[in-house]
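Shown next: my_file_38.tsv, containing TSV, C-alpha atoms.
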```tsv
chain	number	residue	atom	x	y	z
C	248	MET	CA	25.58	7.92	58.51
C	249	PHE	CA	25.75	10.50	55.74
C	250	LYS	CA	28.94	12.51	55.85
C	251	VAL	CA	31.40	14.57	53.86
C	252	VAL	CA	34.94	14.05	55.17
C	253	ASP	CA	38.33	15.49	54.21
C	254	GLY	CA	40.44	12.44	55.03
C	255	PRO	CA	40.57	8.73	54.13
C	256	ILE	CA	37.27	6.82	54.32
C	257	ASP	CA	37.09	3.94	56.80
C	258	ASP	CA	34.78	1.56	54.93
C	259	ILE	CA	35.20	-1.23	57.50
C	260	ALA	CA	33.69	1.06	60.12
C	261	LEU	CA	30.95	1.87	57.63
C	262	GLU	CA	29.93	-1.79	57.47
C	263	ASP	CA	29.60	-1.86	61.25
C	264	VAL	CA	27.33	1.19	61.08
C	265	VAL	CA	24.77	-0.47	58.81
C	266	ARG	CA	24.87	-4.18	59.73
C	267	THR	CA	22.29	-5.67	62.09
C	268	GLU	CA	21.76	-9.26	63.23
C	269	ALA	CA	18.85	-9.56	60.80
C	270	ASP	CA	21.11	-9.02	57.80
C	271	GLY	CA	22.42	-11.69	55.50
C	272	ALA	CA	24.04	-9.27	53.05
C	273	VAL	CA	26.24	-6.20	53.35
C	274	ILE	CA	27.30	-4.39	50.18
C	275	VAL	CA	30.12	-1.87	50.44
C	276	PHE	CA	30.71	0.03	47.23
C	277	ARG	CA	33.84	2.14	46.87
C	278	GLY	CA	34.38	4.62	44.07
C	279	VAL	CA	38.13	5.04	43.56
C	280	ALA	CA	40.32	7.45	41.63
C	281	ARG	CA	41.47	5.87	38.38
C	282	ARG	CA	44.49	6.66	36.26
C	283	TYR	CA	42.84	6.79	32.85
C	284	SER	CA	39.96	9.09	31.97
C	285	ARG	CA	38.72	10.00	28.52
C	286	GLY	CA	42.06	9.16	26.93
C	287	ARG	CA	44.22	11.15	29.38
C	288	ASP	CA	46.49	10.23	32.25
C	289	VAL	CA	45.18	11.56	35.54
C	290	VAL	CA	47.80	12.76	38.05
C	291	HIS	CA	45.30	13.20	40.88
C	292	LEU	CA	41.70	14.20	41.53
C	293	GLU	CA	40.31	17.07	43.56
C	294	TYR	CA	36.82	16.91	45.03
C	295	GLU	CA	34.89	19.93	46.26
C	296	ALA	CA	31.59	19.75	48.12
C	297	TYR	CA	28.81	21.96	49.37
C	298	PRO	CA	29.02	19.98	52.61
C	299	GLU	CA	25.89	21.16	54.46
C	300	MET	CA	23.68	20.43	51.47
C	301	ALA	CA	25.55	17.30	50.34
C	302	GLU	CA	24.93	15.59	53.68
C	303	LYS	CA	21.27	16.57	53.60
C	304	VAL	CA	20.78	15.24	50.05
C	305	MET	CA	22.66	12.02	50.84
C	306	ALA	CA	20.28	11.47	53.76
C	307	GLN	CA	17.36	12.04	51.39
C	308	ILE	CA	18.79	9.30	49.13
C	309	GLY	CA	18.86	7.04	52.17
C	310	ASP	CA	15.18	7.79	52.77
C	311	GLU	CA	14.35	7.08	49.12
C	312	ILE	CA	16.10	3.71	49.38
C	313	LYS	CA	14.28	2.74	52.56
C	314	GLY	CA	11.01	3.57	50.82
C	315	ARG	CA	11.80	1.28	47.89
C	316	TRP	CA	13.69	-1.71	49.29
C	317	PRO	CA	13.53	-3.63	52.58
C	318	VAL	CA	17.03	-2.67	53.66
C	319	SER	CA	18.24	-2.37	57.26
C	320	GLY	CA	20.81	0.35	56.89
C	321	VAL	CA	22.32	2.79	54.41
C	322	ALA	CA	25.49	4.84	54.89
C	323	ILE	CA	27.19	7.17	52.44
C	324	VAL	CA	30.54	8.91	53.02
C	325	HIS	CA	32.17	11.15	50.42
C	326	ARG	CA	35.68	12.52	50.63
C	327	THR	CA	36.83	15.97	49.51
C	328	GLY	CA	40.25	17.41	48.76
C	329	VAL	CA	43.13	15.88	46.81
C	330	LEU	CA	42.94	12.14	46.06
C	331	GLN	CA	45.76	10.02	44.67
C	332	ILE	CA	45.12	7.21	42.18
C	333	GLY	CA	43.49	4.24	43.91
C	334	GLN	CA	42.12	6.18	46.86
C	335	ALA	CA	38.39	6.04	47.57
C	336	SER	CA	36.37	9.17	46.89
C	337	VAL	CA	33.07	7.66	48.04
C	338	ALA	CA	31.91	4.64	50.01
C	339	ILE	CA	28.35	3.38	50.21
C	340	ALA	CA	27.28	0.63	52.59
C	341	VAL	CA	23.90	-1.10	52.43
C	342	SER	CA	22.72	-3.95	54.61
C	343	ALA	CA	19.65	-6.12	54.06
C	344	PRO	CA	18.33	-9.54	55.02
C	345	HIS	CA	18.96	-10.75	51.45
C	346	ARG	CA	21.49	-9.84	48.77
C	347	GLY	CA	19.12	-8.88	45.93
C	348	GLU	CA	17.76	-5.74	47.53
C	349	ALA	CA	21.18	-4.84	48.93
C	350	PHE	CA	22.78	-4.89	45.46
C	351	GLU	CA	19.91	-2.93	43.92
C	352	ALA	CA	19.90	-0.33	46.68
C	353	ALA	CA	23.68	0.19	46.48
C	354	GLN	CA	23.48	0.67	42.71
C	355	TYR	CA	20.66	3.16	43.18
C	356	ALA	CA	22.60	5.05	45.84
C	357	ILE	CA	25.67	5.70	43.68
C	358	ASP	CA	23.63	6.54	40.56
C	359	ARG	CA	21.45	8.97	42.50
C	360	LEU	CA	24.42	10.50	44.29
C	361	LYS	CA	25.99	11.45	40.97
C	362	GLN	CA	22.72	13.02	39.83
C	363	VAL	CA	21.83	15.21	42.78
C	364	VAL	CA	24.51	15.48	45.47
C	365	PRO	CA	26.44	18.77	45.17
C	366	ILE	CA	29.99	17.41	44.95
C	367	TRP	CA	32.35	18.11	42.06
C	368	LYS	CA	35.42	16.38	40.69
C	369	LYS	CA	38.38	18.04	39.07
C	370	GLU	CA	40.70	15.91	36.98
C	371	VAL	CA	44.27	17.13	37.15
C	372	TRP	CA	46.52	15.98	34.31
C	373	SER	CA	50.23	16.63	33.81
C	374	ASP	CA	49.36	19.44	31.38
C	375	GLY	CA	46.10	20.86	32.68
C	376	SER	CA	42.90	20.24	34.59
C	377	GLN	CA	39.15	20.30	34.20
C	378	TRP	CA	36.04	20.19	36.38
C	379	ILE	CA	34.00	17.19	35.28
C	380	GLY	CA	30.23	17.05	35.30
C	381	TRP	CA	27.70	14.87	33.53
C	382	GLU	CA	26.91	17.48	30.92
C	383	HIS	CA	30.52	18.56	30.66
C	384	GLU	CA	31.65	15.00	30.24
C	385	ALA	CA	29.13	14.31	27.50
C	386	HIS	CA	30.03	17.59	25.82
C	387	ALA	CA	33.76	16.88	25.97
C	388	GLN	CA	33.22	13.52	24.31
C	389	GLU	CA	31.09	15.06	21.58
C	390	SER	CA	33.71	17.75	20.99
C	391	ARG	CA	36.47	15.20	20.68
C	392	ALA	CA	34.38	13.06	18.32
C	393	ALA	CA	33.87	16.16	16.18
C	394	GLY	CA	37.63	16.75	16.07
C	395	GLN	CA	37.49	19.98	18.09
U	81	MET	CA	26.96	51.23	28.73
U	82	ALA	CA	28.28	53.10	31.74
U	83	PRO	CA	27.82	51.44	35.15
U	84	THR	CA	25.73	54.37	36.32
U	85	GLN	CA	23.03	53.30	33.88
U	86	PHE	CA	22.49	50.02	35.74
U	87	PRO	CA	20.00	49.94	38.62
U	88	ARG	CA	21.70	50.51	41.97
U	89	TRP	CA	20.98	46.96	43.16
U	90	ILE	CA	23.26	45.39	40.59
U	91	SER	CA	26.17	47.74	41.19
U	92	PRO	CA	27.99	45.51	43.77
U	93	ILE	CA	28.37	42.88	41.06
U	94	LEU	CA	30.13	45.50	38.97
U	95	GLY	CA	32.41	46.43	41.85
U	96	VAL	CA	30.65	49.65	42.81
U	97	VAL	CA	29.53	50.17	46.39
U	98	PRO	CA	25.86	51.14	46.57
U	99	GLU	CA	25.18	54.55	48.06
U	100	THR	CA	22.23	53.52	50.16
U	101	THR	CA	20.18	50.43	50.95
U	102	SER	CA	16.46	50.99	51.03
U	103	GLN	CA	13.92	48.86	52.86
U	104	SER	CA	12.55	47.64	49.53
U	105	GLN	CA	15.74	45.64	49.06
U	106	ILE	CA	16.77	42.22	50.23
U	107	CYS	CA	20.27	40.80	50.47
U	108	VAL	CA	20.96	37.24	49.33
U	109	ARG	CA	24.10	35.30	50.26
U	110	VAL	CA	25.39	33.58	47.12
U	111	ARG	CA	27.71	30.59	47.23
U	112	LEU	CA	29.66	29.39	44.22
U	113	PHE	CA	31.38	26.06	43.73
U	114	ALA	CA	33.86	24.33	41.44
U	115	SER	CA	33.88	25.80	37.91
U	116	TYR	CA	31.60	28.68	38.91
U	117	ARG	CA	33.81	29.54	41.90
U	118	GLU	CA	36.97	29.59	39.79
U	119	ALA	CA	35.36	31.60	36.99
U	120	ALA	CA	34.03	34.21	39.43
U	121	GLY	CA	37.22	34.29	41.50
U	122	THR	CA	35.25	33.99	44.74
U	123	ALA	CA	33.23	31.42	46.66
U	124	ARG	CA	30.83	33.89	48.26
U	125	LEU	CA	29.00	37.03	47.22
U	126	GLU	CA	26.34	39.16	48.82
U	127	VAL	CA	23.82	40.38	46.28
U	128	PRO	CA	21.22	43.07	47.00
U	129	LEU	CA	17.99	42.55	45.07
U	130	PRO	CA	14.65	44.31	44.97
U	131	SER	CA	12.12	42.92	47.40
U	132	GLY	CA	10.12	40.13	45.76
U	133	ALA	CA	12.98	39.12	43.45
U	134	ARG	CA	12.99	35.56	42.17
U	135	VAL	CA	15.81	33.16	41.44
U	136	GLY	CA	15.60	34.10	37.76
U	137	ASP	CA	16.32	37.72	38.69
U	138	LEU	CA	19.37	36.64	40.69
U	139	VAL	CA	20.60	34.64	37.69
U	140	ASP	CA	20.24	37.76	35.54
U	141	VAL	CA	22.35	39.78	37.99
U	142	LEU	CA	24.96	37.09	38.50
U	143	ALA	CA	25.36	36.46	34.76
U	144	VAL	CA	26.93	39.91	34.44
U	145	ARG	CA	29.91	38.74	36.48
U	146	LEU	CA	29.59	35.01	35.80
U	147	PRO	CA	28.32	34.24	32.27
U	148	ALA	CA	28.76	30.51	32.95
U	149	VAL	CA	25.48	30.44	34.89
U	150	ARG	CA	23.91	30.84	31.46
U	151	THR	CA	26.43	29.13	29.15
U	152	ALA	CA	26.91	26.10	31.44
U	153	PRO	CA	23.68	26.11	33.43
U	154	GLY	CA	23.43	23.94	36.49
U	155	MET	CA	20.93	24.07	39.32
U	156	VAL	CA	20.17	26.59	42.04
U	157	ALA	CA	19.58	25.64	45.66
U	158	VAL	CA	18.10	28.03	48.19
U	159	ASN	CA	18.72	27.17	51.83
U	160	HIS	CA	19.96	23.69	50.79
U	161	SER	CA	17.00	22.71	48.59
U	162	TYR	CA	16.87	22.77	44.81
U	163	VAL	CA	14.45	25.39	43.46
U	164	GLY	CA	13.25	26.70	40.11
U	165	ALA	CA	13.63	30.13	38.50
U	166	ASP	CA	10.24	31.25	39.83
U	167	PHE	CA	11.20	30.70	43.48
U	168	THR	CA	10.83	33.93	45.45
U	169	LEU	CA	13.89	34.97	47.45
U	170	HIS	CA	13.88	36.46	50.92
U	171	ASP	CA	16.34	38.58	52.87
U	172	GLY	CA	19.19	36.45	54.22
U	173	ASP	CA	18.54	33.45	51.96
U	174	GLU	CA	21.56	31.39	50.95
U	175	ALA	CA	21.47	30.76	47.20
U	176	ALA	CA	23.97	28.22	45.90
U	177	PHE	CA	24.84	27.91	42.23
U	178	ILE	CA	25.42	24.25	41.53
U	179	PRO	CA	27.34	23.42	38.38
U	180	PRO	CA	26.64	19.92	37.02
U	181	VAL	CA	27.75	17.40	39.67
U	182	SER	CA	30.77	15.18	39.23
U	183	GLY	CA	30.73	12.54	36.54
U	184	GLY	CA	31.84	8.95	36.44
U	185	ARG	CA	30.19	5.82	35.13
```
Written as structure tokens, that's how I'd like the structure from this file.
Amino acid sequence: MFKVVDGPIDDIALEDVVRTEADGAVIVFRGVARRYSRGRDVVHLEYEAYPEMAEKVMAQIGDEIKGRWPVSGVAIVHRTGVLQIGQASVAIAVSAPHRGEAFEAAQYAIDRLKQVVPIWKKEVWSDGSQWIGWEHEAHAQESRAAGQ
Amino acid sequence: MAPTQFPRWISPILGVVPETTSQSQICVRVRLFASYREAAGTARLEVPLPSGARVGDLVDVLAVRLPAVRTAPGMVAVNHSYVGADFTLHDGDEAAFIPPVSGGR
């Protein structure tokens, strides 16, 4: 299952999607909205997706994982819209006969998702907001370090 | 430079309706997201280009209205696949401008 949704993510259902009787390990990773980011208090987050392409690229990540690790199932669900602190923006479930490959595959899935899946996060603070990307994040940190 | 000095195919970007559309043109559906969408003030554009135009040509046209495609370059996807600047566009293609994807560590 590779989906972009606009409501809460049911990660219990996600486990049921990936688990088979051959599996001894199920990893469910949840990325959640946190209060503190780069020294500022976050009021809420907003996620925007290019849904048609995001689901296609998430499925490609699933294929990459199955080519590298002996896993049984991979599922990725990402939420869009406004998220309050503590709510899950993304859930990734991986099942495998043994835990080692399940942990590695789940780590790979979230790292790869942030590299290539067209979904964007906006941090909304009490006094402003900003779209956050890898390059933008690195640049913002450099600017702050330089006193700008 | 007055708008009339630009080629006709870039005039829609400048808010001028083209007088005619010749058969040597293609029309590309552009989608913008996140920071690009907000900077442009729209999520979708239709951009006429000369037949045989490449992604780099589309970037040149779009940069007139949306300088961020140059100052904060991301990636371009055509019909849901990432492509390079040399990729040749066809009539009806959907070209998405992808600002850097969301962060988090």
Proximity check chain U to chain C, 12 Å, nearest pairs one decimal Å, only C-alpha atoms, as JSON lines:
```
{"residue": "U:Arg111", "atom": "CA", "partner": "C:Tyr297", "partner_atom": "CA", "distance": 9.0}
{"residue": "U:Leu112", "atom": "CA", "partner": "C:Tyr297", "partner_atom": "CA", "distance": 9.1}
{"residue": "U:Phe113", "atom": "CA", "partner": "C:Tyr297", "partner_atom": "CA", "distance": 7.4}
{"residue": "U:Ala114", "atom": "CA", "partner": "C:Trp367", "partner_atom": "CA", "distance": 6.4}
{"residue": "U:Ser115", "atom": "CA", "partner": "C:Trp378", "partner_atom": "CA", "distance": 6.2}
{"residue": "U:Tyr116", "atom": "CA", "partner": "C:Trp378", "partner_atom": "CA", "distance": 9.9}
{"residue": "U:Arg117", "atom": "CA", "partner": "C:Glu295", "partner_atom": "CA", "distance": 10.6}
{"residue": "U:Glu118", "atom": "CA", "partner": "C:Trp378", "partner_atom": "CA", "distance": 10.0}
{"residue": "U:Ala119", "atom": "CA", "partner": "C:Trp378", "partner_atom": "CA", "distance": 11.4}
{"residue": "U:Ala123", "atom": "CA", "partner": "C:Tyr297", "partner_atom": "CA", "distance": 10.8}
{"residue": "U:Thr151", "atom": "CA", "partner": "C:His383", "partner_atom": "CA", "distance": 11.4}
{"residue": "U:Ala152", "atom": "CA", "partner": "C:His383", "partner_atom": "CA", "distance": 8.4}
{"residue": "U:Pro153", "atom": "CA", "partner": "C:Glu382", "partner_atom": "CA", "distance": 9.6}
{"residue": "U:Gly154", "atom": "CA", "partner": "C:Glu382", "partner_atom": "CA", "distance": 9.2}
{"residue": "U:Met155", "atom": "CA", "partner": "C:Val363", "partner_atom": "CA", "distance": 9.6}
{"residue": "U:Val156", "atom": "CA", "partner": "C:Pro365", "partner_atom": "CA", "distance": 10.5}
{"residue": "U:Ala157", "atom": "CA", "partner": "C:Met300", "partner_atom": "CA", "distance": 8.8}
{"residue": "U:Val158", "atom": "CA", "partner": "C:Met300", "partner_atom": "CA", "distance": 10.0}
{"residue": "U:Asn159", "atom": "CA", "partner": "C:Met300", "partner_atom": "CA", "distance": 8.4}
{"residue": "U:His160", "atom": "CA", "partner": "C:Met300", "partner_atom": "CA", "distance": 5.0}
{"residue": "U:Ser161", "atom": "CA", "partner": "C:Met300", "partner_atom": "CA", "distance": 7.6}
{"residue": "U:Tyr162", "atom": "CA", "partner": "C:Val363", "partner_atom": "CA", "distance": 9.3}
{"residue": "U:Glu174", "atom": "CA", "partner": "C:Met300", "partner_atom": "CA", "distance": 11.2}
{"residue": "U:Ala175", "atom": "CA", "partner": "C:Met300", "partner_atom": "CA", "distance": 11.4}
{"residue": "U:Ala176", "atom": "CA", "partner": "C:Tyr297", "partner_atom": "CA", "distance": 8.6}
{"residue": "U:Phe177", "atom": "CA", "partner": "C:Pro365", "partner_atom": "CA", "distance": 9.7}
{"residue": "U:Ile178", "atom": "CA", "partner": "C:Pro365", "partner_atom": "CA", "distance": 6.7}
{"residue": "U:Pro179", "atom": "CA", "partner": "C:Gly380", "partner_atom": "CA", "distance": 7.6}
{"residue": "U:Pro180", "atom": "CA", "partner": "C:Gly380", "partner_atom": "CA", "distance": 4.9}
{"residue": "U:Val181", "atom": "CA", "partner": "C:Gly380", "partner_atom": "CA", "distance": 5.0}
{"residue": "U:Ser182", "atom": "CA", "partner": "C:Trp367", "partner_atom": "CA", "distance": 4.4}
{"residue": "U:Gly183", "atom": "CA", "partner": "C:Gly380", "partner_atom": "CA", "distance": 4.7}
{"residue": "U:Gly184", "atom": "CA", "partner": "C:Trp381", "partner_atom": "CA", "distance": 7.8}
{"residue": "U:Arg185", "atom": "CA", "partner": "C:Asp358", "partner_atom": "CA", "distance": 8.5}
```
Those residues with C-alpha atoms, as a PDB file, in the coordinates of the input please?
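The new file part_2.pdb reads:
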```pdb
ATOM      1  CA  ARG U 111      27.710  30.590  47.230  1.00  0.00           C
ATOM      2  CA  LEU U 112      29.660  29.390  44.220  1.00  0.00           C
ATOM      3  CA  PHE U 113      31.380  26.060  43.730  1.00  0.00           C
ATOM      4  CA  ALA U 114      33.860  24.330  41.440  1.00  0.00           C
ATOM      5  CA  SER U 115      33.880  25.800  37.910  1.00  0.00           C
ATOM      6  CA  TYR U 116      31.600  28.680  38.910  1.00  0.00           C
ATOM      7  CA  ARG U 117      33.810  29.540  41.900  1.00  0.00           C
ATOM      8  CA  GLU U 118      36.970  29.590  39.790  1.00  0.00           C
ATOM      9  CA  ALA U 119      35.360  31.600  36.990  1.00  0.00           C
ATOM     10  CA  ALA U 123      33.230  31.420  46.660  1.00  0.00           C
ATOM     11  CA  THR U 151      26.430  29.130  29.150  1.00  0.00           C
ATOM     12  CA  ALA U 152      26.910  26.100  31.440  1.00  0.00           C
ATOM     13  CA  PRO U 153      23.680  26.110  33.430  1.00  0.00           C
ATOM     14  CA  GLY U 154      23.430  23.940  36.490  1.00  0.00           C
ATOM     15  CA  MET U 155      20.930  24.070  39.320  1.00  0.00           C
ATOM     16  CA  VAL U 156      20.170  26.590  42.040  1.00  0.00           C
ATOM     17  CA  ALA U 157      19.580  25.640  45.660  1.00  0.00           C
ATOM     18  CA  VAL U 158      18.100  28.030  48.190  1.00  0.00           C
ATOM     19  CA  ASN U 159      18.720  27.170  51.830  1.00  0.00           C
ATOM     20  CA  HIS U 160      19.960  23.690  50.790  1.00  0.00           C
ATOM     21  CA  SER U 161      17.000  22.710  48.590  1.00  0.00           C
ATOM     22  CA  TYR U 162      16.870  22.770  44.810  1.00  0.00           C
ATOM     23  CA  GLU U 174      21.560  31.390  50.950  1.00  0.00           C
ATOM     24  CA  ALA U 175      21.470  30.760  47.200  1.00  0.00           C
ATOM     25  CA  ALA U 176      23.970  28.220  45.900  1.00  0.00           C
ATOM     26  CA  PHE U 177      24.840  27.910  42.230  1.00  0.00           C
ATOM     27  CA  ILE U 178      25.420  24.250  41.530  1.00  0.00           C
ATOM     28  CA  PRO U 179      27.340  23.420  38.380  1.00  0.00           C
ATOM     29  CA  PRO U 180      26.640  19.920  37.020  1.00  0.00           C
ATOM     30  CA  VAL U 181      27.750  17.400  39.670  1.00  0.00           C
ATOM     31  CA  SER U 182      30.770  15.180  39.230  1.00  0.00           C
ATOM     32  CA  GLY U 183      30.730  12.540  36.540  1.00  0.00           C
ATOM     33  CA  GLY U 184      31.840   8.950  36.440  1.00  0.00           C
ATOM     34  CA  ARG U 185      30.190   5.820  35.130  1.00  0.00           C
TER      35      ARG U 185
END
```
List the neighbours of Phe167 (chain U) out to 7 Å using all atoms listed in the file; skip same-chain residues closer than 4 positions along the sequence, and give me the result as a count of residues only. 3
Straight-line distance linking CA of Tyr283 (chain C) with CA of Ala335 (chain C), stated in Å to one decimal: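 That distance, rounded to one decimal, is 15.4 Å.
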All residues 12 Å or closer to Gln354 (chain C), only C-alpha atoms, same chain fewer than 3 positions away omitted, as a PyMOL selection string: (chain C and resi 274-278+308+312+321+338-341+347-351+357-361) or (chain U and resi 185)
Would you mind telling me which residue in C:Ala280, C:Ala269, C:Asp258, C:His291 lies nearest to Val318 (chain C) when using only C-alpha atoms?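 Distance minimum relative to Val318 (chain C) lands on C:Ala269.
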Final N, CA and C atoms of region 277-303 of chain C as a PDB file, keeping the file's coordinate frame:
```pdb
ATOM      1  N   ARG C 277      32.863   1.056  46.787  1.00  0.00           N
ATOM      2  CA  ARG C 277      33.840   2.140  46.870  1.00  0.00           C
ATOM      3  C   ARG C 277      34.080   2.675  45.468  1.00  0.00           C
ATOM      4  N   GLY C 278      33.957   3.969  45.303  1.00  0.00           N
ATOM      5  CA  GLY C 278      34.380   4.620  44.070  1.00  0.00           C
ATOM      6  C   GLY C 278      35.807   5.089  44.282  1.00  0.00           C
ATOM      7  N   VAL C 279      36.713   4.715  43.367  1.00  0.00           N
ATOM      8  CA  VAL C 279      38.130   5.040  43.560  1.00  0.00           C
ATOM      9  C   VAL C 279      38.662   5.848  42.387  1.00  0.00           C
ATOM     10  N   ALA C 280      39.701   6.605  42.653  1.00  0.00           N
ATOM     11  CA  ALA C 280      40.320   7.450  41.630  1.00  0.00           C
ATOM     12  C   ALA C 280      41.093   6.566  40.653  1.00  0.00           C
ATOM     13  N   ARG C 281      40.769   6.710  39.368  1.00  0.00           N
ATOM     14  CA  ARG C 281      41.470   5.870  38.380  1.00  0.00           C
ATOM     15  C   ARG C 281      42.421   6.709  37.532  1.00  0.00           C
ATOM     16  N   ARG C 282      43.420   6.012  37.007  1.00  0.00           N
ATOM     17  CA  ARG C 282      44.490   6.660  36.260  1.00  0.00           C
ATOM     18  C   ARG C 282      44.017   7.206  34.909  1.00  0.00           C
ATOM     19  N   TYR C 283      43.160   6.437  34.232  1.00  0.00           N
ATOM     20  CA  TYR C 283      42.840   6.790  32.850  1.00  0.00           C
ATOM     21  C   TYR C 283      41.426   7.328  32.733  1.00  0.00           C
ATOM     22  N   SER C 284      41.284   8.495  32.130  1.00  0.00           N
ATOM     23  CA  SER C 284      39.960   9.090  31.970  1.00  0.00           C
ATOM     24  C   SER C 284      39.890   9.787  30.622  1.00  0.00           C
ATOM     25  N   ARG C 285      38.964   9.354  29.811  1.00  0.00           N
ATOM     26  CA  ARG C 285      38.720  10.000  28.520  1.00  0.00           C
ATOM     27  C   ARG C 285      40.020  10.179  27.724  1.00  0.00           C
ATOM     28  N   GLY C 286      40.857   9.143  27.755  1.00  0.00           N
ATOM     29  CA  GLY C 286      42.060   9.160  26.930  1.00  0.00           C
ATOM     30  C   GLY C 286      43.226   9.938  27.522  1.00  0.00           C
ATOM     31  N   ARG C 287      43.115  10.394  28.778  1.00  0.00           N
ATOM     32  CA  ARG C 287      44.220  11.150  29.380  1.00  0.00           C
ATOM     33  C   ARG C 287      44.681  10.476  30.648  1.00  0.00           C
ATOM     34  N   ASP C 288      45.924  10.747  30.999  1.00  0.00           N
ATOM     35  CA  ASP C 288      46.490  10.230  32.250  1.00  0.00           C
ATOM     36  C   ASP C 288      46.199  11.215  33.380  1.00  0.00           C
ATOM     37  N   VAL C 289      45.530  10.716  34.397  1.00  0.00           N
ATOM     38  CA  VAL C 289      45.180  11.560  35.540  1.00  0.00           C
ATOM     39  C   VAL C 289      46.329  11.516  36.561  1.00  0.00           C
ATOM     40  N   VAL C 290      46.764  12.683  37.019  1.00  0.00           N
ATOM     41  CA  VAL C 290      47.800  12.760  38.050  1.00  0.00           C
ATOM     42  C   VAL C 290      47.150  12.601  39.428  1.00  0.00           C
ATOM     43  N   HIS C 291      46.110  13.378  39.675  1.00  0.00           N
ATOM     44  CA  HIS C 291      45.300  13.200  40.880  1.00  0.00           C
ATOM     45  C   HIS C 291      43.930  13.833  40.646  1.00  0.00           C
ATOM     46  N   LEU C 292      43.038  13.605  41.588  1.00  0.00           N
ATOM     47  CA  LEU C 292      41.700  14.200  41.530  1.00  0.00           C
ATOM     48  C   LEU C 292      41.526  15.167  42.693  1.00  0.00           C
ATOM     49  N   GLU C 293      40.694  16.174  42.470  1.00  0.00           N
ATOM     50  CA  GLU C 293      40.310  17.070  43.560  1.00  0.00           C
ATOM     51  C   GLU C 293      38.788  17.093  43.638  1.00  0.00           C
ATOM     52  N   TYR C 294      38.266  16.852  44.831  1.00  0.00           N
ATOM     53  CA  TYR C 294      36.820  16.910  45.030  1.00  0.00           C
ATOM     54  C   TYR C 294      36.479  18.104  45.903  1.00  0.00           C
ATOM     55  N   GLU C 295      35.406  18.789  45.495  1.00  0.00           N
ATOM     56  CA  GLU C 295      34.890  19.930  46.260  1.00  0.00           C
ATOM     57  C   GLU C 295      33.418  19.671  46.544  1.00  0.00           C
ATOM     58  N   ALA C 296      32.980  19.997  47.733  1.00  0.00           N
ATOM     59  CA  ALA C 296      31.590  19.750  48.120  1.00  0.00           C
ATOM     60  C   ALA C 296      30.940  21.022  48.648  1.00  0.00           C
ATOM     61  N   TYR C 297      29.638  21.020  48.609  1.00  0.00           N
ATOM     62  CA  TYR C 297      28.810  21.960  49.370  1.00  0.00           C
ATOM     63  C   TYR C 297      28.354  21.124  50.563  1.00  0.00           C
ATOM     64  N   PRO C 298      29.177  21.048  51.623  1.00  0.00           N
ATOM     65  CA  PRO C 298      29.020  19.980  52.610  1.00  0.00           C
ATOM     66  C   PRO C 298      27.657  19.951  53.292  1.00  0.00           C
ATOM     67  N   GLU C 299      27.162  21.131  53.725  1.00  0.00           N
ATOM     68  CA  GLU C 299      25.890  21.160  54.460  1.00  0.00           C
ATOM     69  C   GLU C 299      24.765  20.557  53.615  1.00  0.00           C
ATOM     70  N   MET C 300      24.752  20.933  52.325  1.00  0.00           N
ATOM     71  CA  MET C 300      23.680  20.430  51.470  1.00  0.00           C
ATOM     72  C   MET C 300      23.950  18.996  51.032  1.00  0.00           C
ATOM     73  N   ALA C 301      25.214  18.664  50.791  1.00  0.00           N
ATOM     74  CA  ALA C 301      25.550  17.300  50.340  1.00  0.00           C
ATOM     75  C   ALA C 301      25.081  16.275  51.367  1.00  0.00           C
ATOM     76  N   GLU C 302      25.337  16.552  52.647  1.00  0.00           N
ATOM     77  CA  GLU C 302      24.930  15.590  53.680  1.00  0.00           C
ATOM     78  C   GLU C 302      23.414  15.485  53.763  1.00  0.00           C
ATOM     79  N   LYS C 303      22.733  16.595  53.569  1.00  0.00           N
ATOM     80  CA  LYS C 303      21.270  16.570  53.600  1.00  0.00           C
ATOM     81  C   LYS C 303      20.717  15.748  52.431  1.00  0.00           C
TER      82      LYS C 303
END
```
